[in-house]
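One file, model25.pdb, carrying PDB, C-alpha atoms:
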```pdb
MODEL        1
ATOM      1  CA  MET K   1     -22.900 -21.628 -12.908  1.00  0.00           C
ATOM      2  CA  THR K   2     -20.370 -23.196 -15.257  1.00  0.00           C
ATOM      3  CA  GLN K   3     -16.653 -22.405 -15.193  1.00  0.00           C
ATOM      4  CA  HIS K   4     -17.023 -20.650 -18.552  1.00  0.00           C
ATOM      5  CA  GLU K   5     -19.835 -18.426 -17.224  1.00  0.00           C
ATOM      6  CA  MET K   6     -17.826 -17.579 -14.115  1.00  0.00           C
ATOM      7  CA  THR K   7     -14.787 -16.683 -16.213  1.00  0.00           C
ATOM      8  CA  ARG K   8     -16.899 -14.519 -18.514  1.00  0.00           C
ATOM      9  CA  LEU K   9     -18.466 -12.766 -15.499  1.00  0.00           C
ATOM     10  CA  PHE K  10     -15.031 -12.133 -13.982  1.00  0.00           C
ATOM     11  CA  TYR K  11     -13.617 -10.638 -17.181  1.00  0.00           C
ATOM     12  CA  ALA K  12     -16.715  -8.517 -17.759  1.00  0.00           C
ATOM     13  CA  HIS K  13     -17.044  -7.005 -14.271  1.00  0.00           C
ATOM     14  CA  VAL K  14     -13.796  -7.449 -12.338  1.00  0.00           C
ATOM     15  CA  TRP K  15     -10.911  -7.480 -14.803  1.00  0.00           C
ATOM     16  CA  PRO K  16     -11.484  -3.895 -16.025  1.00  0.00           C
ATOM     17  CA  LEU K  17     -11.014  -2.724 -12.409  1.00  0.00           C
ATOM     18  CA  ARG K  18      -7.614  -4.346 -11.836  1.00  0.00           C
ATOM     19  CA  ALA K  19      -5.750  -0.995 -12.053  1.00  0.00           C
ATOM     20  CA  ASP K  20      -8.123   0.444  -9.426  1.00  0.00           C
ATOM     21  CA  VAL K  21      -7.461  -2.554  -7.180  1.00  0.00           C
ATOM     22  CA  LEU K  22      -3.697  -2.028  -7.510  1.00  0.00           C
ATOM     23  CA  ARG K  23      -3.996   1.710  -6.862  1.00  0.00           C
ATOM     24  CA  THR K  24      -6.043   1.106  -3.710  1.00  0.00           C
ATOM     25  CA  ALA K  25      -3.623  -1.623  -2.596  1.00  0.00           C
ATOM     26  CA  GLN K  26      -0.777   0.892  -2.909  1.00  0.00           C
ATOM     27  CA  TYR K  27      -2.458   3.067  -0.278  1.00  0.00           C
ATOM     28  CA  PHE K  28      -2.288   0.196   2.203  1.00  0.00           C
ATOM     29  CA  ALA K  29       1.018  -1.454   1.348  1.00  0.00           C
ATOM     30  CA  ARG K  30       4.377  -0.050   2.348  1.00  0.00           C
ATOM     31  CA  ASP K  31       6.020  -0.846  -0.993  1.00  0.00           C
ATOM     32  CA  LEU K  32       5.098  -1.721  -4.565  1.00  0.00           C
ATOM     33  CA  ALA K  33       5.898  -5.424  -4.224  1.00  0.00           C
ATOM     34  CA  GLU K  34       3.566  -5.732  -1.244  1.00  0.00           C
ATOM     35  CA  ALA K  35       0.874  -3.761  -3.114  1.00  0.00           C
ATOM     36  CA  ASP K  36       1.240  -6.076  -6.106  1.00  0.00           C
ATOM     37  CA  ASP K  37       0.856  -9.108  -3.846  1.00  0.00           C
ATOM     38  CA  LEU K  38      -2.197  -7.628  -2.127  1.00  0.00           C
ATOM     39  CA  ALA K  39      -3.846  -6.723  -5.439  1.00  0.00           C
ATOM     40  CA  GLN K  40      -3.085 -10.125  -6.951  1.00  0.00           C
ATOM     41  CA  GLU K  41      -4.426 -11.973  -3.918  1.00  0.00           C
ATOM     42  CA  THR K  42      -7.567  -9.813  -4.042  1.00  0.00           C
ATOM     43  CA  LEU K  43      -8.157 -10.620  -7.715  1.00  0.00           C
ATOM     44  CA  VAL K  44      -7.588 -14.335  -7.127  1.00  0.00           C
ATOM     45  CA  LYS K  45     -10.102 -14.298  -4.268  1.00  0.00           C
ATOM     46  CA  ALA K  46     -12.540 -12.374  -6.460  1.00  0.00           C
ATOM     47  CA  TYR K  47     -12.184 -14.957  -9.223  1.00  0.00           C
ATOM     48  CA  ARG K  48     -12.709 -17.828  -6.803  1.00  0.00           C
ATOM     49  CA  SER K  49     -15.858 -16.223  -5.382  1.00  0.00           C
ATOM     50  CA  ILE K  50     -17.240 -14.687  -8.586  1.00  0.00           C
ATOM     51  CA  ALA K  51     -20.309 -16.902  -8.341  1.00  0.00           C
ATOM     52  CA  SER K  52     -21.345 -14.892  -5.256  1.00  0.00           C
ATOM     53  CA  PHE K  53     -21.030 -11.556  -7.092  1.00  0.00           C
ATOM     54  CA  ASP K  54     -24.367  -9.803  -7.576  1.00  0.00           C
ATOM     55  CA  VAL K  55     -24.280  -8.057 -10.958  1.00  0.00           C
ATOM     56  CA  SER K  56     -26.835  -5.503  -9.709  1.00  0.00           C
ATOM     57  CA  THR K  57     -24.196  -4.098  -7.317  1.00  0.00           C
ATOM     58  CA  ARG K  58     -21.091  -2.091  -8.136  1.00  0.00           C
ATOM     59  CA  ALA K  59     -18.107  -4.350  -8.670  1.00  0.00           C
ATOM     60  CA  VAL K  60     -15.753  -1.757  -7.172  1.00  0.00           C
ATOM     61  CA  ALA K  61     -17.527  -1.968  -3.797  1.00  0.00           C
ATOM     62  CA  TRP K  62     -17.407  -5.776  -3.890  1.00  0.00           C
ATOM     63  CA  LEU K  63     -13.697  -5.733  -4.790  1.00  0.00           C
ATOM     64  CA  ASN K  64     -12.883  -3.186  -2.091  1.00  0.00           C
ATOM     65  CA  ALA K  65     -14.537  -5.406   0.506  1.00  0.00           C
ATOM     66  CA  ILE K  66     -12.367  -8.318  -0.656  1.00  0.00           C
ATOM     67  CA  LEU K  67      -9.280  -6.067  -0.676  1.00  0.00           C
ATOM     68  CA  ARG K  68     -10.027  -4.793   2.833  1.00  0.00           C
ATOM     69  CA  ASN K  69     -10.492  -8.300   4.223  1.00  0.00           C
ATOM     70  CA  THR K  70      -7.368  -9.533   2.447  1.00  0.00           C
ATOM     71  CA  HIS K  71      -5.364  -6.620   3.873  1.00  0.00           C
ATOM     72  CA  ILE K  72      -6.647  -7.397   7.374  1.00  0.00           C
ATOM     73  CA  ASP K  73      -5.816 -11.098   6.967  1.00  0.00           C
ATOM     74  CA  ARG K  74      -2.303 -10.277   5.768  1.00  0.00           C
ATOM     75  CA  ALA K  75      -1.754  -7.841   8.666  1.00  0.00           C
ATOM     76  CA  ARG K  76      -2.855 -10.467  11.173  1.00  0.00           C
ATOM     77  CA  ALA K  77      -0.523 -13.006   9.596  1.00  0.00           C
ATOM     78  CA  ARG K  78       2.376 -10.529   9.794  1.00  0.00           C
ATOM     79  CA  LYS K  79       1.651  -9.936  13.490  1.00  0.00           C
ATOM     80  CA  ARG K  80       1.852 -13.651  14.135  1.00  0.00           C
ATOM     81  CA  GLU K  81       5.164 -13.820  12.286  1.00  0.00           C
ATOM     82  CA  ALA K  82       6.570 -10.645  13.836  1.00  0.00           C
ATOM     83  CA  ARG K  83       9.929 -10.904  15.470  1.00  0.00           C
ATOM     84  CA  ASP K  84      11.403  -8.772  18.223  1.00  0.00           C
ATOM     85  CA  VAL K  85      12.802  -5.444  17.072  1.00  0.00           C
ATOM     86  CA  SER K  86      15.603  -3.796  18.964  1.00  0.00           C
ATOM     87  CA  LEU K  87      14.956  -0.440  20.598  1.00  0.00           C
ATOM     88  CA  ASP K  88      17.785   1.056  18.516  1.00  0.00           C
ATOM     89  CA  ALA K  89      16.079   0.016  15.262  1.00  0.00           C
ATOM     90  CA  HIS K  90      12.786   1.467  16.487  1.00  0.00           C
ATOM     91  CA  LEU K  91      14.411   4.766  17.458  1.00  0.00           C
ATOM     92  CA  LEU K  92      16.137   5.005  14.075  1.00  0.00           C
ATOM     93  CA  ASP K  93      12.799   4.436  12.357  1.00  0.00           C
ATOM     94  CA  LEU K  94      11.218   7.220  14.423  1.00  0.00           C
ATOM     95  CA  GLU K  95      14.154   9.505  13.591  1.00  0.00           C
ATOM     96  CA  ASP K  96      13.578   8.871   9.866  1.00  0.00           C
ATOM     97  CA  ARG K  97       9.893   9.852  10.239  1.00  0.00           C
ATOM     98  CA  ARG K  98      10.575  13.105  12.094  1.00  0.00           C
ATOM     99  CA  PRO K  99       9.379  16.021   9.936  1.00  0.00           C
ATOM    100  CA  THR K 100      11.922  18.481   8.587  1.00  0.00           C
ATOM    101  CA  SER K 101      11.885  22.032   9.889  1.00  0.00           C
ATOM    102  CA  THR K 102      10.203  23.197   6.663  1.00  0.00           C
ATOM    103  CA  GLU K 103       7.426  20.638   7.108  1.00  0.00           C
ATOM    104  CA  THR K 104       7.031  21.654  10.747  1.00  0.00           C
ATOM    105  CA  ASP K 105       6.805  25.343   9.840  1.00  0.00           C
ATOM    106  CA  HIS K 106       4.048  24.661   7.327  1.00  0.00           C
ATOM    107  CA  ALA K 107       2.260  21.824   9.081  1.00  0.00           C
ATOM    108  CA  ASN K 108      -0.913  23.821   9.654  1.00  0.00           C
ATOM    109  CA  SER K 109      -0.958  25.416   6.223  1.00  0.00           C
ATOM    110  CA  ALA K 110      -3.327  24.221   3.514  1.00  0.00           C
ATOM    111  CA  ALA K 111      -0.688  25.214   0.962  1.00  0.00           C
ATOM    112  CA  ILE K 112       1.442  22.193   1.902  1.00  0.00           C
ATOM    113  CA  LEU K 113      -1.225  19.918   0.462  1.00  0.00           C
ATOM    114  CA  GLU K 114      -0.639  21.428  -2.969  1.00  0.00           C
ATOM    115  CA  GLN K 115       3.055  20.515  -2.737  1.00  0.00           C
ATOM    116  CA  LEU K 116       2.475  16.862  -1.931  1.00  0.00           C
ATOM    117  CA  GLY K 117       3.152  14.323  -4.634  1.00  0.00           C
ATOM    118  CA  ASP K 118       1.334  11.028  -4.859  1.00  0.00           C
ATOM    119  CA  GLN K 119       4.013   9.188  -2.871  1.00  0.00           C
ATOM    120  CA  ARG K 120       3.871  11.709  -0.042  1.00  0.00           C
ATOM    121  CA  LEU K 121       0.090  11.363   0.060  1.00  0.00           C
ATOM    122  CA  ILE K 122       0.423   7.603   0.150  1.00  0.00           C
ATOM    123  CA  ASP K 123       2.966   7.890   2.964  1.00  0.00           C
ATOM    124  CA  ALA K 124       0.630  10.200   4.876  1.00  0.00           C
ATOM    125  CA  LEU K 125      -2.232   7.749   4.405  1.00  0.00           C
ATOM    126  CA  HIS K 126      -0.078   5.017   5.938  1.00  0.00           C
ATOM    127  CA  ASP K 127       0.018   7.015   9.168  1.00  0.00           C
ATOM    128  CA  LEU K 128      -3.783   7.110   9.477  1.00  0.00           C
ATOM    129  CA  PRO K 129      -5.655   4.442  11.411  1.00  0.00           C
ATOM    130  CA  ASP K 130      -7.012   1.760   9.060  1.00  0.00           C
ATOM    131  CA  GLU K 131     -10.678   2.621   9.582  1.00  0.00           C
ATOM    132  CA  ILE K 132     -10.132   6.300   8.696  1.00  0.00           C
ATOM    133  CA  ARG K 133      -7.882   5.411   5.754  1.00  0.00           C
ATOM    134  CA  TRP K 134     -10.488   3.025   4.329  1.00  0.00           C
ATOM    135  CA  THR K 135     -13.275   5.563   4.672  1.00  0.00           C
ATOM    136  CA  LEU K 136     -11.211   8.264   2.994  1.00  0.00           C
ATOM    137  CA  LEU K 137     -10.237   6.003   0.110  1.00  0.00           C
ATOM    138  CA  LEU K 138     -13.679   4.563  -0.459  1.00  0.00           C
ATOM    139  CA  VAL K 139     -15.589   7.841  -0.369  1.00  0.00           C
ATOM    140  CA  ASP K 140     -13.078  10.352  -1.736  1.00  0.00           C
ATOM    141  CA  VAL K 141     -10.916   8.266  -4.066  1.00  0.00           C
ATOM    142  CA  GLU K 142     -13.208   5.450  -5.197  1.00  0.00           C
ATOM    143  CA  GLN K 143     -16.273   7.734  -5.161  1.00  0.00           C
ATOM    144  CA  LEU K 144     -18.477   5.222  -3.335  1.00  0.00           C
ATOM    145  CA  ASP K 145     -21.550   6.631  -1.652  1.00  0.00           C
ATOM    146  CA  HIS K 146     -21.821   6.339   2.124  1.00  0.00           C
ATOM    147  CA  ALA K 147     -24.068   3.265   1.986  1.00  0.00           C
ATOM    148  CA  GLU K 148     -21.595   1.387  -0.238  1.00  0.00           C
ATOM    149  CA  ALA K 149     -18.648   2.419   1.941  1.00  0.00           C
ATOM    150  CA  ALA K 150     -20.553   1.229   5.012  1.00  0.00           C
ATOM    151  CA  VAL K 151     -21.041  -2.192   3.425  1.00  0.00           C
ATOM    152  CA  VAL K 152     -17.339  -2.459   2.580  1.00  0.00           C
ATOM    153  CA  THR K 153     -16.170  -1.371   6.028  1.00  0.00           C
ATOM    154  CA  GLU K 154     -18.902  -3.326   7.792  1.00  0.00           C
ATOM    155  CA  VAL K 155     -20.126  -0.377   9.875  1.00  0.00           C
ATOM    156  CA  PRO K 156     -23.481   1.439  10.035  1.00  0.00           C
ATOM    157  CA  VAL K 157     -23.954   4.206   7.459  1.00  0.00           C
ATOM    158  CA  GLY K 158     -23.987   6.955  10.106  1.00  0.00           C
ATOM    159  CA  THR K 159     -20.603   5.867  11.420  1.00  0.00           C
TER     160      THR K 159
ENDMDL
END
```

Can the structure in the file be given as structure tokens, please?
Amino acid sequence: MTQHEMTRLFYAHVWPLRADVLRTAQYFARDLAEADDLAQETLVKAYRSIASFDVSTRAVAWLNAILRNTHIDRARARKREARDVSLDAHLLDLEDRRPTSTETDHANSAAILEQLGDQRLIDALHDLPDEIRWTLLLVDVEQLDHAEAAVVTEVPVGT
């Protein structure tokens, strides 16, 4: 495949999904700058491996697999670079995450979901384990079927 054909394939199948890639990256990143970096790195990796893209599959599933792997790679790199955090800083962080009395009163109410804005949903998603977060995003947000989500998350369909 020539460079021109690869570029044309990328702009036909991947480029129109760049906003979706950024939106999904925002669910996994703690801030917009990190989400931008994750989305950009995903698109660069997609461009570099566009020759392996099968046009008979959905590009969104292929991109989400790249995004997931990129997120995992970045998380592993951060762990290697992690420095010691003082107990005081950790306790302050936990204090900031403590729910308000209003949130506690309504924690079991479905009505609270209607009051959540996008940022609060994103923050709540950050508290989920990665495997649950990915499944939720792929099936409910990205509208992938279970077989496609299983391919992206690299687990059996029944899981």

(request) Give as number ranges by chain the residues that the PyMOL selection byres ((chain K and resi 50) around 9) matches when applied to the coordinates above. (result) K: 6-7, 9-10, 14, 45-49, 51-54

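For the structure in this document, the set picked by the PyMOL selection byres ((chain K and resi 40) around 12) is Trp15, Arg18, Ala19, Asp20, Val21, Leu22, Arg23, Ala25, Gln26, Leu32, Ala33, Glu34, Ala35, Asp36, Asp37, Leu38, Ala39, Glu41, Thr42, Leu43, Val44, Lys45, Ala46, Tyr47, Leu63, Ile66, Leu67, Thr70 and His71 of chain K.
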
(message) What does the structure give for the distance between atom CA of Glu142 of chain K and atom CA of Ala61 of chain K, in Å to one decimal?
(response)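 Rounded to one decimal, the two atoms are 8.7 Å apart.
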
(request) Starting from the shown file, work through the PyMOL selection byres ((chain K and resi 154) around 12) and note down what comes out as a ChimeraX atom specification. (result) /K:61,64-66,68-69,131,134-135,146-153,155-159

Keeping C-alpha atoms for every residue in the selection just given, could you write it to a file as a short mmCIF file (atom, residue, chain, number, x, y, z; two decimals), in the coordinates of the input?
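Contents of part28.cif, as written:
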```cif
data_model
loop_
_atom_site.label_atom_id
_atom_site.label_comp_id
_atom_site.auth_asym_id
_atom_site.auth_seq_id
_atom_site.Cartn_x
_atom_site.Cartn_y
_atom_site.Cartn_z
CA ALA K 61 -17.53 -1.97 -3.80
CA ASN K 64 -12.88 -3.19 -2.09
CA ALA K 65 -14.54 -5.41 0.51
CA ILE K 66 -12.37 -8.32 -0.66
CA ARG K 68 -10.03 -4.79 2.83
CA ASN K 69 -10.49 -8.30 4.22
CA GLU K 131 -10.68 2.62 9.58
CA TRP K 134 -10.49 3.02 4.33
CA THR K 135 -13.28 5.56 4.67
CA HIS K 146 -21.82 6.34 2.12
CA ALA K 147 -24.07 3.26 1.99
CA GLU K 148 -21.60 1.39 -0.24
CA ALA K 149 -18.65 2.42 1.94
CA ALA K 150 -20.55 1.23 5.01
CA VAL K 151 -21.04 -2.19 3.42
CA VAL K 152 -17.34 -2.46 2.58
CA THR K 153 -16.17 -1.37 6.03
CA VAL K 155 -20.13 -0.38 9.88
CA PRO K 156 -23.48 1.44 10.04
CA VAL K 157 -23.95 4.21 7.46
CA GLY K 158 -23.99 6.96 10.11
CA THR K 159 -20.60 5.87 11.42
#
```

(message) Residues proximal to (-20.1, 0.9, -11.4) were defined as those with any atom within 12 Å of that point in the file's coordinates, counting only C-alpha atoms. Which are they, as a PyMOL selection string?
(response) chain K and resi 12-14+16-17+55-63+142-145+148

(request) Mind giving me the straight-line distance from atom CA of Leu128 of chain K to atom CA of Tyr27 of chain K in Å, one decimal? (result)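 Computed distance, atom CA of Leu128 of chain K to atom CA of Tyr27 of chain K, equals 10.6 Å.
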